[in-house]
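Chemist: Mind having a look at this structure? Questions to follow.
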Amino acid sequence: MSVRRPDRITYRVPDLKDPATRARYAGKRTAVIGSGASAFTALASLADLAKAEDGTAAKTVWILRRGISGSTFGGGTADQLPARGALGLAAKAAVDEGHADAVTGFRTETIERDGDGRLVLVAEDGRRLDPVDEVIVLTGFRPDLSFLSELRLGLDERLQTPIELAPLIDPNQHSCGTVYPHGVNELSHPEQGVYLVGMKSYGRAPTFLALTGYEQVRSIVAAIAGDHEAAERVELVLPETGVCGGAGLFDQPDTDQQADGGGCCAPAPALIQLGTTDPAPTCG
Ligand SMILES: Cc1cc2nc3c(=O)[nH]c(=O)nc-3n(C[C@H](O)[C@H](O)[C@H](O)COP(=O)(O)OP(=O)(O)OC[C@H]3O[C@@H](n4cnc5c(N)ncnc54)[C@H](O)[C@@H]3O)c2cc1C
């Protein structure tokens with residue numbers, strides 16, 4: 001009788017407080033792919049697991065498409081969201097303390113199984129990594145809009161956000177963490193009365209904060225209720241990340257960041273009123 005091998009690839013941040021999940025990763029060599037908040041969470045959790053294993057743990061392999069720069073781990077103590085800053089610092093500590101080895105400039109193309117059933121990651125440029133037992137893929141996602149295919153949605157072809165919203169939140173332009181508050185006007189579609197809100201409204205942009213969604217919903221509900229003055233009055237103070245500048249391209253290394261991960265410019269929170277022509281804050 002053949003025994004089906006357990007799947008060794010997951011697309012979720014593992015909950016290492018769960019005993020079964022903890023057992024799955026304990027003592028294993030794990031690859032974490034990605035460099036966003038989810039990947040930081042996984043790196044920090046695996047480092048905590050390694051510390052608990054008292055030196056017997058295998059190192060995590062951390063795979064990034066880009067290089068590591070001052071902005072990789074976020075704004076640290078300069079981040080106006082302390083928990084977001086602390087998460088980046090925890091991931092940095094995982095690397096600095098030797099729990100994770102970073103492999104940079106690695107664009108995973110295929111994953112092969114070796115004779116022992118372990119996984120070998122192969123990059124586009126042909127590089128092959130030493131086998132790992134587990135792979136955690138945290139490379140972002142995009143909303144599933146397939147069930148809306150009969151509706152007339154106006155979506156930016158690259159970001160998959162409403163067209164009016166795309167330039168306001170484009171992560172290539174808004175690397176400072178500056179994302180403009182917005183409401184019913186930017187979230188409307190050719191299909192009257194249809195709005196995508198919350199994280200799904202951001203398409204592939206990774207910068208969504210719950211606060212933004214609350215303001216989106218407030219504006220849209222006001223519009224539906226007929227209070228157009230309230231719907232137009234979109235106001236929101238968003239916390240700065242504490243890092244800014246950057247190459248503007250996902251795969252290019254940032255060259256204008258401080259190497260210590262500190263914030264290059266963390267302007268005071270600004271109340272931004274939509275409908276004005278205020279230019280984007282400039283940084284770095
Ligand atoms: C690791 C991580 C950490 C984060 N930390 C923060 C933070 O500290 N602060 C912050 O503001 N934001 C944080 N975010 C962003 C956070 O996800 C959002 O702020 C918030 O959860 C978004 O809320 P939402 O309701 O828009 O989307 P979600 O929380 O993703 O909720 C969408 C819901 O819709 C459901 N759904 C999807 N498709 C369908 C369908 N076809 N039919 C019915 N239901 C469907 C999903 O199952 C889900 O329940 C974090 C994100 C990640 C990944």
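Each chain of the structure tokens is named A, B, ... in the order shown, its residues numbered from 1; ligands are numbered from 1 in display order.
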Give the residue list for ligand 1 at 12 Å, counting only C-alpha atoms and all ligand atoms, as a PyMOL selection string, sorted by chain and then by residue number.

Modeler: chain A and resi 11-15+34-44+80-88+138-149+196-203+205-217+238-239

Chemist: So that I can check the secondary structure, give me every residue of stretch 27-75 of chain A assigned helix (DSSP H, G or I) by backbone DSSP, as a ChimeraX atom specification.

Modeler: /A:37-52

Chemist: Generate the output file for the selected residues, N, CA and C atoms, as an mmCIF file, in the first residue's frame.

Modeler:
```cif
data_model
loop_
_atom_site.group_PDB
_atom_site.id
_atom_site.type_symbol
_atom_site.label_atom_id
_atom_site.label_comp_id
_atom_site.auth_asym_id
_atom_site.auth_seq_id
_atom_site.Cartn_x
_atom_site.Cartn_y
_atom_site.Cartn_z
ATOM 1 N N ALA A 37 4.919 41.341 5.580
ATOM 2 C CA ALA A 37 4.576 41.148 6.991
ATOM 3 C C ALA A 37 4.356 39.674 7.324
ATOM 4 N N SER A 38 3.763 38.937 6.402
ATOM 5 C CA SER A 38 3.517 37.519 6.673
ATOM 6 C C SER A 38 4.830 36.751 6.781
ATOM 7 N N ALA A 39 5.769 37.041 5.877
ATOM 8 C CA ALA A 39 7.061 36.359 5.936
ATOM 9 C C ALA A 39 7.801 36.724 7.224
ATOM 10 N N PHE A 40 7.717 37.992 7.621
ATOM 11 C CA PHE A 40 8.365 38.405 8.876
ATOM 12 C C PHE A 40 7.780 37.622 10.052
ATOM 13 N N THR A 41 6.452 37.465 10.029
ATOM 14 C CA THR A 41 5.792 36.738 11.117
ATOM 15 C C THR A 41 6.311 35.299 11.176
ATOM 16 N N ALA A 42 6.430 34.679 10.003
ATOM 17 C CA ALA A 42 6.910 33.288 9.962
ATOM 18 C C ALA A 42 8.363 33.203 10.424
ATOM 19 N N LEU A 43 9.205 34.129 9.974
ATOM 20 C CA LEU A 43 10.617 34.104 10.370
ATOM 21 C C LEU A 43 10.759 34.250 11.887
ATOM 22 N N ALA A 44 9.989 35.195 12.439
ATOM 23 C CA ALA A 44 10.076 35.424 13.887
ATOM 24 C C ALA A 44 9.567 34.205 14.655
ATOM 25 N N SER A 45 8.487 33.600 14.177
ATOM 26 C CA SER A 45 7.933 32.422 14.872
ATOM 27 C C SER A 45 8.899 31.249 14.804
ATOM 28 N N LEU A 46 9.494 31.042 13.638
ATOM 29 C CA LEU A 46 10.439 29.930 13.495
ATOM 30 C C LEU A 46 11.683 30.169 14.353
ATOM 31 N N ALA A 47 12.084 31.446 14.491
ATOM 32 C CA ALA A 47 13.232 31.752 15.359
ATOM 33 C C ALA A 47 12.888 31.433 16.810
ATOM 34 N N ASP A 48 11.658 31.758 17.219
ATOM 35 C CA ASP A 48 11.233 31.431 18.583
ATOM 36 C C ASP A 48 11.231 29.921 18.790
ATOM 37 N N LEU A 49 10.771 29.190 17.780
ATOM 38 C CA LEU A 49 10.769 27.724 17.863
ATOM 39 C C LEU A 49 12.199 27.204 17.987
ATOM 40 N N ALA A 50 13.099 27.777 17.196
ATOM 41 C CA ALA A 50 14.501 27.334 17.230
ATOM 42 C C ALA A 50 15.113 27.575 18.606
ATOM 43 N N LYS A 51 14.782 28.732 19.200
ATOM 44 C CA LYS A 51 15.330 29.032 20.540
ATOM 45 C C LYS A 51 14.814 28.004 21.542
ATOM 46 N N ALA A 52 13.546 27.647 21.409
ATOM 47 C CA ALA A 52 12.951 26.674 22.329
ATOM 48 C C ALA A 52 13.568 25.294 22.133
#
```

Chemist: So that I can check the surroundings of A:Ile224, please list as a list of chain:residue names every protein, DNA and RNA residue that reaches within 10 Å of it, counting only C-alpha atoms and ignoring chain neighbours fewer than 4 positions away.

Modeler: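 Non-adjacent residues within range: A:Val184, A:Gly193, A:Ser219, A:Ile220, A:His228, A:Ala231.
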
Chemist: Measuring between only C-alpha atoms, which one of A:Glu134, A:Asp170, A:Asp125, A:Glu53 shows the shortest distance to A:Ile9?

Modeler: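 Distance minimum relative to A:Ile9 lands on A:Glu134.
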
Chemist: Using DSSP on the backbone, list every residue of stretch 107-221 of chain A that comes out as strand (DSSP E), and give them as a PyMOL selection string.

Modeler: chain A and resi 108-113+119-123+134-137

Chemist: Any chance you could export the current selection's N, CA, C and O atoms as an mmCIF file, in the first residue's frame?

Modeler:
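So the final result, stored in again33.cif, reads:
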```cif
data_model
loop_
_atom_site.group_PDB
_atom_site.id
_atom_site.type_symbol
_atom_site.label_atom_id
_atom_site.label_comp_id
_atom_site.auth_asym_id
_atom_site.auth_seq_id
_atom_site.Cartn_x
_atom_site.Cartn_y
_atom_site.Cartn_z
ATOM 1 N N THR A 108 12.123 32.018 -7.485
ATOM 2 C CA THR A 108 11.840 30.586 -7.555
ATOM 3 C C THR A 108 11.074 30.257 -8.833
ATOM 4 O O THR A 108 10.062 30.885 -9.146
ATOM 5 N N GLU A 109 11.582 29.278 -9.562
ATOM 6 C CA GLU A 109 10.892 28.860 -10.784
ATOM 7 C C GLU A 109 10.202 27.518 -10.588
ATOM 8 O O GLU A 109 9.041 27.342 -10.944
ATOM 9 N N THR A 110 10.924 26.579 -10.004
ATOM 10 C CA THR A 110 10.315 25.264 -9.769
ATOM 11 C C THR A 110 10.757 24.722 -8.408
ATOM 12 O O THR A 110 11.761 25.158 -7.846
ATOM 13 N N ILE A 111 9.973 23.784 -7.924
ATOM 14 C CA ILE A 111 10.344 23.051 -6.715
ATOM 15 C C ILE A 111 10.347 21.579 -7.072
ATOM 16 O O ILE A 111 9.343 21.047 -7.547
ATOM 17 N N GLU A 112 11.503 20.943 -6.871
ATOM 18 C CA GLU A 112 11.626 19.521 -7.209
ATOM 19 C C GLU A 112 11.724 18.713 -5.923
ATOM 20 O O GLU A 112 12.103 19.220 -4.882
ATOM 21 N N ARG A 113 11.399 17.446 -6.032
ATOM 22 C CA ARG A 113 11.554 16.545 -4.892
ATOM 23 C C ARG A 113 12.820 15.722 -5.092
ATOM 24 O O ARG A 113 13.055 15.211 -6.191
ATOM 25 N N LEU A 119 12.515 18.881 -0.529
ATOM 26 C CA LEU A 119 12.207 19.808 -1.622
ATOM 27 C C LEU A 119 13.435 20.631 -2.004
ATOM 28 O O LEU A 119 14.140 21.153 -1.139
ATOM 29 N N VAL A 120 13.657 20.740 -3.293
ATOM 30 C CA VAL A 120 14.780 21.515 -3.818
ATOM 31 C C VAL A 120 14.222 22.678 -4.625
ATOM 32 O O VAL A 120 13.514 22.476 -5.620
ATOM 33 N N LEU A 121 14.537 23.886 -4.186
ATOM 34 C CA LEU A 121 14.065 25.073 -4.896
ATOM 35 C C LEU A 121 15.062 25.435 -5.987
ATOM 36 O O LEU A 121 16.271 25.489 -5.749
ATOM 37 N N VAL A 122 14.522 25.689 -7.164
ATOM 38 C CA VAL A 122 15.359 26.028 -8.313
ATOM 39 C C VAL A 122 14.946 27.415 -8.808
ATOM 40 O O VAL A 122 13.763 27.691 -8.992
ATOM 41 N N ALA A 123 15.927 28.281 -8.997
ATOM 42 C CA ALA A 123 15.639 29.657 -9.422
ATOM 43 C C ALA A 123 15.619 29.766 -10.936
ATOM 44 O O ALA A 123 16.113 28.884 -11.650
ATOM 45 N N GLU A 134 10.389 21.677 4.473
ATOM 46 C CA GLU A 134 9.118 22.401 4.374
ATOM 47 C C GLU A 134 9.334 23.703 3.615
ATOM 48 O O GLU A 134 10.410 24.305 3.704
ATOM 49 N N VAL A 135 8.309 24.146 2.923
ATOM 50 C CA VAL A 135 8.346 25.445 2.252
ATOM 51 C C VAL A 135 7.101 26.235 2.670
ATOM 52 O O VAL A 135 5.984 25.709 2.636
ATOM 53 N N ILE A 136 7.325 27.469 3.102
ATOM 54 C CA ILE A 136 6.217 28.362 3.450
ATOM 55 C C ILE A 136 6.230 29.496 2.424
ATOM 56 O O ILE A 136 7.174 30.277 2.362
ATOM 57 N N VAL A 137 5.200 29.549 1.608
ATOM 58 C CA VAL A 137 5.141 30.531 0.519
ATOM 59 C C VAL A 137 4.273 31.707 0.958
ATOM 60 O O VAL A 137 3.063 31.555 1.144
#
```

Chemist: Near A:Leu168, within 7 Å and counting only C-alpha atoms, which residues show up once chain neighbours fewer than 3 positions away are dropped, as a list in words?

Modeler: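 The residues satisfying every condition are Leu165, Val179 and Tyr180 of chain A.
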
Chemist: Quick one: of A:Val61, A:Ile163, A:Leu187, A:Val243, who's nearest to A:Phe73, counting only C-alpha atoms?

Modeler: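 Checking each candidate against A:Phe73, we get A:Val243 as the closest.
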
Chemist: Expressed in Å to a single decimal, how great is the separation between atom CA of A:Pro171 and atom CA of A:Ala102?

Modeler: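 Atom CA of A:Pro171 sits 23.4 Å away from atom CA of A:Ala102.
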
Chemist: When you draw a straight line from atom CA of A:Glu235 to atom CA of A:Arg158, how long is it in Å?

Modeler: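 Atom CA of A:Arg158 lies at a distance of 26.7 Å from atom CA of A:Glu235.
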
Chemist: Which residues are near A:Lys59? Cut-off 10 Å, only C-alpha atoms, ignore same chain within fewer than 4 positions. Put them as a PyMOL selection string.

Modeler: chain A and resi 27-31+46-47+50+55+94-95+98-101+132

Chemist: Can you spit out the residues from that selection as a PDB file, in the first residue's frame, using N, CA and C atoms?

Modeler:
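Wrote result24.pdb, looks like this:
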```
ATOM      1  N   GLY A  27      12.624  21.045  14.339  1.00  0.00           N
ATOM      2  CA  GLY A  27      13.790  20.303  13.866  1.00  0.00           C
ATOM      3  C   GLY A  27      13.901  20.208  12.364  1.00  0.00           C
ATOM      4  N   LYS A  28      13.009  20.852  11.652  1.00  0.00           N
ATOM      5  CA  LYS A  28      13.000  20.755  10.184  1.00  0.00           C
ATOM      6  C   LYS A  28      13.730  21.942   9.568  1.00  0.00           C
ATOM      7  N   ARG A  29      14.244  21.700   8.381  1.00  0.00           N
ATOM      8  CA  ARG A  29      14.821  22.799   7.607  1.00  0.00           C
ATOM      9  C   ARG A  29      13.701  23.361   6.729  1.00  0.00           C
ATOM     10  N   THR A  30      13.387  24.627   6.983  1.00  0.00           N
ATOM     11  CA  THR A  30      12.224  25.243   6.329  1.00  0.00           C
ATOM     12  C   THR A  30      12.662  26.422   5.480  1.00  0.00           C
ATOM     13  N   ALA A  31      12.078  26.543   4.310  1.00  0.00           N
ATOM     14  CA  ALA A  31      12.294  27.722   3.469  1.00  0.00           C
ATOM     15  C   ALA A  31      11.080  28.636   3.599  1.00  0.00           C
ATOM     16  N   LEU A  46       9.494  31.042  13.638  1.00  0.00           N
ATOM     17  CA  LEU A  46      10.439  29.930  13.495  1.00  0.00           C
ATOM     18  C   LEU A  46      11.683  30.169  14.353  1.00  0.00           C
ATOM     19  N   ALA A  47      12.084  31.446  14.491  1.00  0.00           N
ATOM     20  CA  ALA A  47      13.232  31.752  15.359  1.00  0.00           C
ATOM     21  C   ALA A  47      12.888  31.433  16.810  1.00  0.00           C
ATOM     22  N   ALA A  50      13.099  27.777  17.196  1.00  0.00           N
ATOM     23  CA  ALA A  50      14.501  27.334  17.230  1.00  0.00           C
ATOM     24  C   ALA A  50      15.113  27.575  18.606  1.00  0.00           C
ATOM     25  N   GLY A  55      19.102  24.961  20.346  1.00  0.00           N
ATOM     26  CA  GLY A  55      20.292  24.792  19.499  1.00  0.00           C
ATOM     27  C   GLY A  55      20.266  23.600  18.570  1.00  0.00           C
ATOM     28  N   ALA A  94      15.963  37.578  13.730  1.00  0.00           N
ATOM     29  CA  ALA A  94      16.053  36.165  13.333  1.00  0.00           C
ATOM     30  C   ALA A  94      17.264  35.938  12.423  1.00  0.00           C
ATOM     31  N   VAL A  95      17.517  36.912  11.550  1.00  0.00           N
ATOM     32  CA  VAL A  95      18.672  36.810  10.651  1.00  0.00           C
ATOM     33  C   VAL A  95      19.963  37.110  11.416  1.00  0.00           C
ATOM     34  N   GLY A  98      21.251  34.491  13.607  1.00  0.00           N
ATOM     35  CA  GLY A  98      21.676  33.263  12.949  1.00  0.00           C
ATOM     36  C   GLY A  98      20.627  32.174  12.839  1.00  0.00           C
ATOM     37  N   HIS A  99      19.366  32.526  13.096  1.00  0.00           N
ATOM     38  CA  HIS A  99      18.309  31.511  12.959  1.00  0.00           C
ATOM     39  C   HIS A  99      17.854  31.353  11.513  1.00  0.00           C
ATOM     40  N   ALA A 100      18.109  32.368  10.710  1.00  0.00           N
ATOM     41  CA  ALA A 100      17.684  32.311   9.304  1.00  0.00           C
ATOM     42  C   ALA A 100      18.823  32.783   8.407  1.00  0.00           C
ATOM     43  N   ASP A 101      19.020  32.054   7.318  1.00  0.00           N
ATOM     44  CA  ASP A 101      19.988  32.457   6.294  1.00  0.00           C
ATOM     45  C   ASP A 101      19.231  33.045   5.118  1.00  0.00           C
ATOM     46  N   VAL A 132      15.182  21.238   1.463  1.00  0.00           N
ATOM     47  CA  VAL A 132      14.496  21.621   2.704  1.00  0.00           C
ATOM     48  C   VAL A 132      13.358  20.630   2.951  1.00  0.00           C
TER      49      VAL A 132
END
```
